[in-house]
Amino acid sequence: MTNDKLIELRNRLRVGQQPLADWNGGKLAVSAVPGAGKSTGMAIGAAIAIVRQSLNPKRQLIVVTFTRSAAASIKTKISGYLKELGYPSGGFTIHTLHGLALNIASRYPNLSGLDPETTTLVSPNQNHRLIKDTVEQWISRYPQYYKTLLQGVSFDGEETERLRRQSVLQTEVLPKLTRTAVQEAKSSGLSPETLWELSWQSKDEYNILAITAGLYEIYGHIARSRRLIDYDDMILGALRVLEVPSVAQQLQEQTYGVFEDEAQDSTPLQGKLLEILASCPNNSDTPPNLVRVGDPNQAINSTFTPADPLYFRDFCETCQSENRLAEMDQAGRSSPIIIEVANYFLRWGNQNHPQEVPFRVQDIHTVSADDPQPDANPQPTGKGFEIHTPIDIHQTVQWMGNRLQKLLTDNPDHNAAILVRNNRQGNFLAQALNDLQHDHHIPVYEVSQSERSSHIPTEILRLLQFLSRPHSPEYTKATLEVLTQRNLIPKQDLNALATYPEQFLYPSPLDLPQSKSVQKAGHYCRSLLKARLELPTYQLISFLGLTLNYSSSELATVHKLAGRVRQETQGRSSLMQIIETLSEIVNSERFEGIEEDSDDQYVKRGQVTIITMHKAKGLDWDYVFLPFLHQDNLPGQHRVPTPSKFLGDFTLSEVARSQIRNVVHSQYQQQPITLTQPAQAWEKAGELQTAEEYRLFYVAMTRAKRLLWLSAAENAPFRWNQFNLKGANSLQKKDASPFLPALEKQFPEASSG
């Protein structure tokens with residue numbers, strides 16, 4: 001192997017990427033701007049390190065990525081470069097972070113406490129049986145805390161209101177608090193005992209941290225008794241293994257170093273796991289061979305996961321003080337005008353949100369003229385950046401449709417995306433742009449619809465449970481939630497309907513007249529009950545799929561699900577046996593729907609992809625449209641759901657998350673722990689949310705290559721989650737997102753009214 005080949009490979013990299021190829025051990029932080037070529041830099045840097053250090057299957061470089069698709073992509077790249085260098089590909093392994101943790105934990109089950117042969121992985125959502133049972137046991141064990149919550153800020157003792165509050169607490173507030181707080185505490189390495197100790201400092205009337213500690217304790221007990229583990233258990237199990245010095249030394253001797261991608265999305269415990277693996281055996285004074293690559297300005301998961309940009313920012317600052325920070329600040333993805341807009345917005349965001357600064361200051365720069373990337377920093381289409389103010393959302397669709405038709409007709413090899421803040425907006429656009437697909441043969445791919453397969457077993461189960469026990473408030477509410485999510489009935493206060501199911505379904509002449517919304521919901525539910533009486537039981541699953549207006553791909557999943565249930569019940573097709581079988585499928589999470597799982601689906605040439613801003617991260621398109629940029633939509637409003645306002649001007653889950661995060665930050669920064677009160681914690685959570693929304697918009701705008709199209713209609717729905725896609729809707733005046741006037745002022749040529 002000649003050194004010339006390594007030099008030639010290194011010289012393919014841009015200046016900001018070359019420190020990855022020059023790395024020869026120790027710590028290295030790489031802060032990369034969007035489109036900078038992180039994966040290419042990492043792959044070439046990894047290949048060069050493997051060759052230089054003569055790595056092999058007995059001593060390897062570990063490369064860690066955030067997703068399985070990213071892992072597959074970078075594995076292919078590293079293998080390709082090693083083949084080009086004539087070196088075998090056994091000197092590295094690729095893992096997702098949780099995959100690496102599970103690999104370590106499962107090799108030493110006696111130390112980790114995790115045995116993949118006898119445990120089941122769950123990803124609990126709010127309606128998961130594990131969380132429901134946790135809430136039920138907590139209410140039984142801590143009746144005084146529950147009574148205080150039921151009382152709220154005021155209560156006159158009226159029976160209907162008491163039942164409504166019980167429903168809200170048991171099906172919304174406490175399940176969400178359990179899921180949020182357990183994930184936050186566990187991934188931060190905090191035990192229930194720690195939370196109990198901290199709760200003694202609490203002076204709020206509910207003692208939210210004590211409620212959280214009790215839920216966390218019960219959750220862990222139930223999960224262990226059922227041999228259930230979640231993703232955080234994998235990390236904790238791996239760390240238990242690495243606490244044993246002899247085992248840690250053995251794994252460290254097998255590991256030369258660690259390359260981590262998307263480091264801005266790591267939690268402190270995940271970072272600790274990688275640092276231990278990358279450390280030198282028997283020499284704690286030697287810095288770990290740890291390379292962390294990420295973009296703190298693309299941290300968009302911290303308001304609903306324990307990830308926080310603070311940790312990667314700190315790592316970058318520490319490495320910078322040691323002259324071990326590299327900045328990938330050149331990007332060839334976007335045209336110069338889009339880069340200029342993104343850089344301006346970054347600085348505007350920091351100046352206008354000083355309470356919680358959203359961004360690390362790092363401008364994006366264009367690449368050099370001789371850059372090897374094909375069509376780097378392409379010429380803009382038209383102005384390259386446009387801001388529009390349609391009269392309403394319908395004119396928004398009309399303008400977008402006309403522009404998309406011309407763009408993709410004139411440039412069939414290009415692609416486009418409409419990035420939305422939530423799936424309800426995406427559903428509306430997919431229906432409204434139907435003509436684009438049928439009249440002009442331009443494919444419109446709505447990502448949220450293609451991903452619904454994983455929810456189908458749960459939705460079918462909820463409806464079957466209602467058919468078995470229509471008098472159950474829990475099952476009635478669950479069915480109404482499904483019908484609302486499918487846009488079959490108007491959004492309304494479901495707790496009020498589900499409190500007395502018989503009165504809702506079959507009102508007597510003495511009852512107060514029902515509103516049209518309630519009448520429509522009751523009609524749907526009675527239709528389901530009628531079908532239960534008229535159809536053979538084995539046909540119910542297929543019937544429910546048709547009733548819920550599933551698409552063709554979703555109906556294919558329903559057909560697969562019905563076949564699976566028939567096979568497992570083996571002809572014993574009573575409704576209870578079907579429900580039992582379906583419950584097992586849902587709880588074990590072993591069912592996979594019929595859907596394509598490839599990023600290639602999202603970026604096909606000639607296609608318009610409708611996708612959420614979160615899902616768009618890591619992708620890019622020639623033309624990117626960002627409609628509905630209103631203040632209440634982005635950055636949004638930190639608000640309390642109406643049904644739970646009896647608890648006060650905050651939500652328990654966000655207060656608990658904020659309090660736990662404050663504790664972790666204090667520990668991380670080695671400062672005294674001061675427990676914030678609910679009002680302070682709620683305010684802090686709002687500041688964090690706004691900062692993250694600004695980062696989300698930054699991610700969205702930097703997906704565009706040739707055209708960035710923004711709009712804020714003068715009139716839009718009051719709330720998108722109450723927007724009925726199939727009915728008449730009243731629109732109202734809306735304020736544009738606060739950054740839009742600033743962009744119009746800075747780039748006046750972009751505004752077209």
# chains A, B, ... in the order shown; residues from 1 in each chain; ligands from 1
>>> select_by_dssp(residues="stretch 343-562 of chain A", states="strand (DSSP E or B)", output="VMD selection string")
chain A and resid 365 385 to 388 392 416 to 420 444 to 446
>>> write_last_selection(atoms="N, CA and C atoms", output="PDB file, in the first residue's frame")
ATOM      1  N   HIS A 365     -20.847  28.361   3.476  1.00  0.00           N
ATOM      2  CA  HIS A 365     -20.109  28.974   2.371  1.00  0.00           C
ATOM      3  C   HIS A 365     -20.229  28.106   1.129  1.00  0.00           C
ATOM      4  N   PHE A 385     -35.323  32.425  -4.668  1.00  0.00           N
ATOM      5  CA  PHE A 385     -35.969  32.607  -3.359  1.00  0.00           C
ATOM      6  C   PHE A 385     -37.190  33.488  -3.549  1.00  0.00           C
ATOM      7  N   GLU A 386     -38.359  32.996  -3.112  1.00  0.00           N
ATOM      8  CA  GLU A 386     -39.609  33.724  -3.311  1.00  0.00           C
ATOM      9  C   GLU A 386     -40.442  33.693  -2.036  1.00  0.00           C
ATOM     10  N   ILE A 387     -41.125  34.805  -1.767  1.00  0.00           N
ATOM     11  CA  ILE A 387     -42.066  34.900  -0.645  1.00  0.00           C
ATOM     12  C   ILE A 387     -43.413  35.340  -1.205  1.00  0.00           C
ATOM     13  N   HIS A 388     -44.462  34.594  -0.881  1.00  0.00           N
ATOM     14  CA  HIS A 388     -45.798  34.883  -1.415  1.00  0.00           C
ATOM     15  C   HIS A 388     -46.797  35.074  -0.276  1.00  0.00           C
ATOM     16  N   ASP A 392     -55.780  33.067   0.734  1.00  0.00           N
ATOM     17  CA  ASP A 392     -56.125  32.007   1.681  1.00  0.00           C
ATOM     18  C   ASP A 392     -55.385  30.728   1.308  1.00  0.00           C
ATOM     19  N   ALA A 416     -39.317  17.840  -6.532  1.00  0.00           N
ATOM     20  CA  ALA A 416     -39.829  18.919  -5.690  1.00  0.00           C
ATOM     21  C   ALA A 416     -40.408  18.341  -4.415  1.00  0.00           C
ATOM     22  N   ALA A 417     -40.478  19.177  -3.399  1.00  0.00           N
ATOM     23  CA  ALA A 417     -41.087  18.763  -2.136  1.00  0.00           C
ATOM     24  C   ALA A 417     -41.863  19.923  -1.537  1.00  0.00           C
ATOM     25  N   ILE A 418     -42.964  19.572  -0.894  1.00  0.00           N
ATOM     26  CA  ILE A 418     -43.713  20.530  -0.078  1.00  0.00           C
ATOM     27  C   ILE A 418     -43.526  20.084   1.363  1.00  0.00           C
ATOM     28  N   LEU A 419     -42.890  20.920   2.168  1.00  0.00           N
ATOM     29  CA  LEU A 419     -42.610  20.568   3.552  1.00  0.00           C
ATOM     30  C   LEU A 419     -43.659  21.213   4.454  1.00  0.00           C
ATOM     31  N   VAL A 420     -44.282  20.397   5.289  1.00  0.00           N
ATOM     32  CA  VAL A 420     -45.369  20.870   6.143  1.00  0.00           C
ATOM     33  C   VAL A 420     -44.996  20.663   7.601  1.00  0.00           C
ATOM     34  N   VAL A 444     -47.686  12.708  -7.072  1.00  0.00           N
ATOM     35  CA  VAL A 444     -47.699  13.378  -5.771  1.00  0.00           C
ATOM     36  C   VAL A 444     -47.643  12.294  -4.705  1.00  0.00           C
ATOM     37  N   TYR A 445     -46.574  12.283  -3.950  1.00  0.00           N
ATOM     38  CA  TYR A 445     -46.331  11.223  -2.957  1.00  0.00           C
ATOM     39  C   TYR A 445     -46.442  11.810  -1.561  1.00  0.00           C
ATOM     40  N   GLU A 446     -47.501  11.440  -0.853  1.00  0.00           N
ATOM     41  CA  GLU A 446     -47.697  11.912   0.515  1.00  0.00           C
ATOM     42  C   GLU A 446     -47.099  10.897   1.478  1.00  0.00           C
TER      43      GLU A 446
END
>>> residues_around(residues="stretch 202-213 of chain A", least_positions_apart="3", cutoff="9 Å", atoms="only C-alpha atoms", output="PDB file with C-alpha atoms, in the first residue's frame")
ATOM      1  CA  TRP A 138     -50.374   4.457  40.353  1.00  0.00           C
ATOM      2  CA  TYR A 142     -51.294   7.006  45.451  1.00  0.00           C
ATOM      3  CA  TYR A 145     -51.992  12.544  44.769  1.00  0.00           C
ATOM      4  CA  TYR A 146     -54.734  11.474  42.350  1.00  0.00           C
ATOM      5  CA  THR A 148     -55.373  16.441  44.345  1.00  0.00           C
ATOM      6  CA  LEU A 149     -55.096  16.261  40.546  1.00  0.00           C
ATOM      7  CA  GLY A 152     -57.349  20.823  40.084  1.00  0.00           C
ATOM      8  CA  LEU A 177     -46.634  12.183  31.759  1.00  0.00           C
ATOM      9  CA  THR A 178     -45.534   8.543  32.148  1.00  0.00           C
ATOM     10  CA  ALA A 181     -40.960  11.625  32.071  1.00  0.00           C
ATOM     11  CA  VAL A 182     -39.838   7.988  32.128  1.00  0.00           C
ATOM     12  CA  SER A 191     -33.457   6.526  38.966  1.00  0.00           C
ATOM     13  CA  PRO A 192     -36.911   6.696  40.605  1.00  0.00           C
ATOM     14  CA  GLU A 193     -35.120   7.012  43.939  1.00  0.00           C
ATOM     15  CA  THR A 194     -33.304  10.126  42.716  1.00  0.00           C
ATOM     16  CA  LEU A 195     -36.582  11.698  41.638  1.00  0.00           C
ATOM     17  CA  TRP A 196     -38.160  10.858  44.983  1.00  0.00           C
ATOM     18  CA  GLU A 197     -35.291  12.620  46.774  1.00  0.00           C
ATOM     19  CA  LEU A 198     -35.578  15.657  44.506  1.00  0.00           C
ATOM     20  CA  SER A 199     -39.351  15.796  45.017  1.00  0.00           C
ATOM     21  CA  TYR A 216     -41.468   5.758  36.879  1.00  0.00           C
ATOM     22  CA  GLU A 217     -41.110   3.260  39.734  1.00  0.00           C
ATOM     23  CA  ILE A 218     -44.283   1.362  38.822  1.00  0.00           C
ATOM     24  CA  LEU A 652     -47.689  18.066  33.801  1.00  0.00           C
ATOM     25  CA  SER A 653     -45.614  16.273  31.155  1.00  0.00           C
ATOM     26  CA  VAL A 655     -43.194  20.665  33.482  1.00  0.00           C
ATOM     27  CA  ALA A 656     -41.759  17.274  34.501  1.00  0.00           C
ATOM     28  CA  GLN A 659     -37.576  19.943  35.684  1.00  0.00           C
ATOM     29  CA  ILE A 660     -35.715  16.720  34.882  1.00  0.00           C
ATOM     30  CA  LEU A 675     -35.654  22.533  41.368  1.00  0.00           C
ATOM     31  CA  THR A 676     -37.641  24.929  39.181  1.00  0.00           C
ATOM     32  CA  GLN A 677     -41.273  25.536  40.041  1.00  0.00           C
ATOM     33  CA  PRO A 678     -44.030  24.679  37.517  1.00  0.00           C
TER      34      PRO A 678
END
>>> atom_distance(atom1="atom CA of A:Pro380", atom2="atom CA of A:Leu707")
6.2 Å
>>> residues_around(residues="A:Gln379", least_positions_apart="2", cutoff="8 Å", atoms="only C-alpha atoms", output="list in words")
Ser335, Asn377, Thr381 and Arg706 of chain A
>>> closest_residue(among="A:Ile44, A:Leu150, A:Phe92, A:Ala72", to="A:Phe646", atoms="only C-alpha atoms")
A:Leu150
>>> residues_around(residues="stretch 18-23 of chain A", least_positions_apart="3", cutoff="7 Å", atoms="only C-alpha atoms", output="list in words")
Arg10, Leu13, Arg14, Val15, Gly41, Met42, Ile44, Gly45, Ile48 and Ala326 of chain A
>>> select_by_dssp(residues="stretch 175-423 of chain A", states="alpha helix (DSSP H)", output="PyMOL selection string")
chain A and resi 175-187+192-199+208-225+231-242+245-253+268-277+309-321+336-352+393-410+423
>>> residues_around(residues="A:Leu290", least_positions_apart="3", cutoff="12 Å", atoms="only C-alpha atoms", output="number ranges by chain")
A: 20, 23-30, 46, 61-64, 255-261, 263, 271-280, 286-287, 293, 315, 319, 324
>>> closest_residue(among="A:Gln570, A:Thr120, A:Gln270, A:Gln144", to="A:Glu584", atoms="only C-alpha atoms")
A:Thr120
>>> closest_residue(among="A:Gly545, A:Leu429, A:Ser472, A:Arg421", to="A:Ile460", atoms="only C-alpha atoms")
A:Gly545
>>> residues_around(residues="A:Leu575", least_positions_apart="5", cutoff="9 Å", atoms="only C-alpha atoms", output="number ranges by chain")
A: 464-465, 467-468, 537-538, 580
>>> write_last_selection(atoms="N, CA and C atoms", output="tab-separated table (two decimals), in the first residue's frame")
chain	number	residue	atom	x	y	z
A	464	LEU	N	-62.48	-2.89	17.39
A	464	LEU	CA	-63.01	-4.20	17.79
A	464	LEU	C	-63.31	-4.23	19.29
A	465	GLN	N	-62.46	-3.59	20.08
A	465	GLN	CA	-62.71	-3.54	21.52
A	465	GLN	C	-64.00	-2.77	21.81
A	467	LEU	N	-66.55	-2.64	19.77
A	467	LEU	CA	-67.65	-3.51	19.37
A	467	LEU	C	-67.93	-4.57	20.43
A	468	SER	N	-66.91	-4.98	21.16
A	468	SER	CA	-67.12	-6.00	22.19
A	468	SER	C	-67.72	-5.41	23.47
A	537	THR	N	-68.07	-12.72	12.04
A	537	THR	CA	-66.95	-12.15	12.80
A	537	THR	C	-65.68	-12.08	11.97
A	538	TYR	N	-65.42	-13.09	11.15
A	538	TYR	CA	-64.16	-13.14	10.41
A	538	TYR	C	-64.07	-12.04	9.35
A	580	GLU	N	-57.98	-10.89	21.39
A	580	GLU	CA	-56.83	-11.39	22.14
A	580	GLU	C	-55.62	-11.56	21.23
>>> residues_around(residues="A:Pro57", least_positions_apart="2", cutoff="8 Å", atoms="only C-alpha atoms", output="MDAnalysis selection string")
chainID A and resid 55 59:60 90:92
>>> closest_residue(among="A:Ser542, A:Asn415, A:Thr409, A:Gln449", to="A:Arg605", atoms="only C-alpha atoms")
A:Asn415
>>> closest_residue(among="A:Leu497, A:Lys147, A:Gln53, A:Ala32", to="A:Gln514", atoms="only C-alpha atoms")
A:Leu497
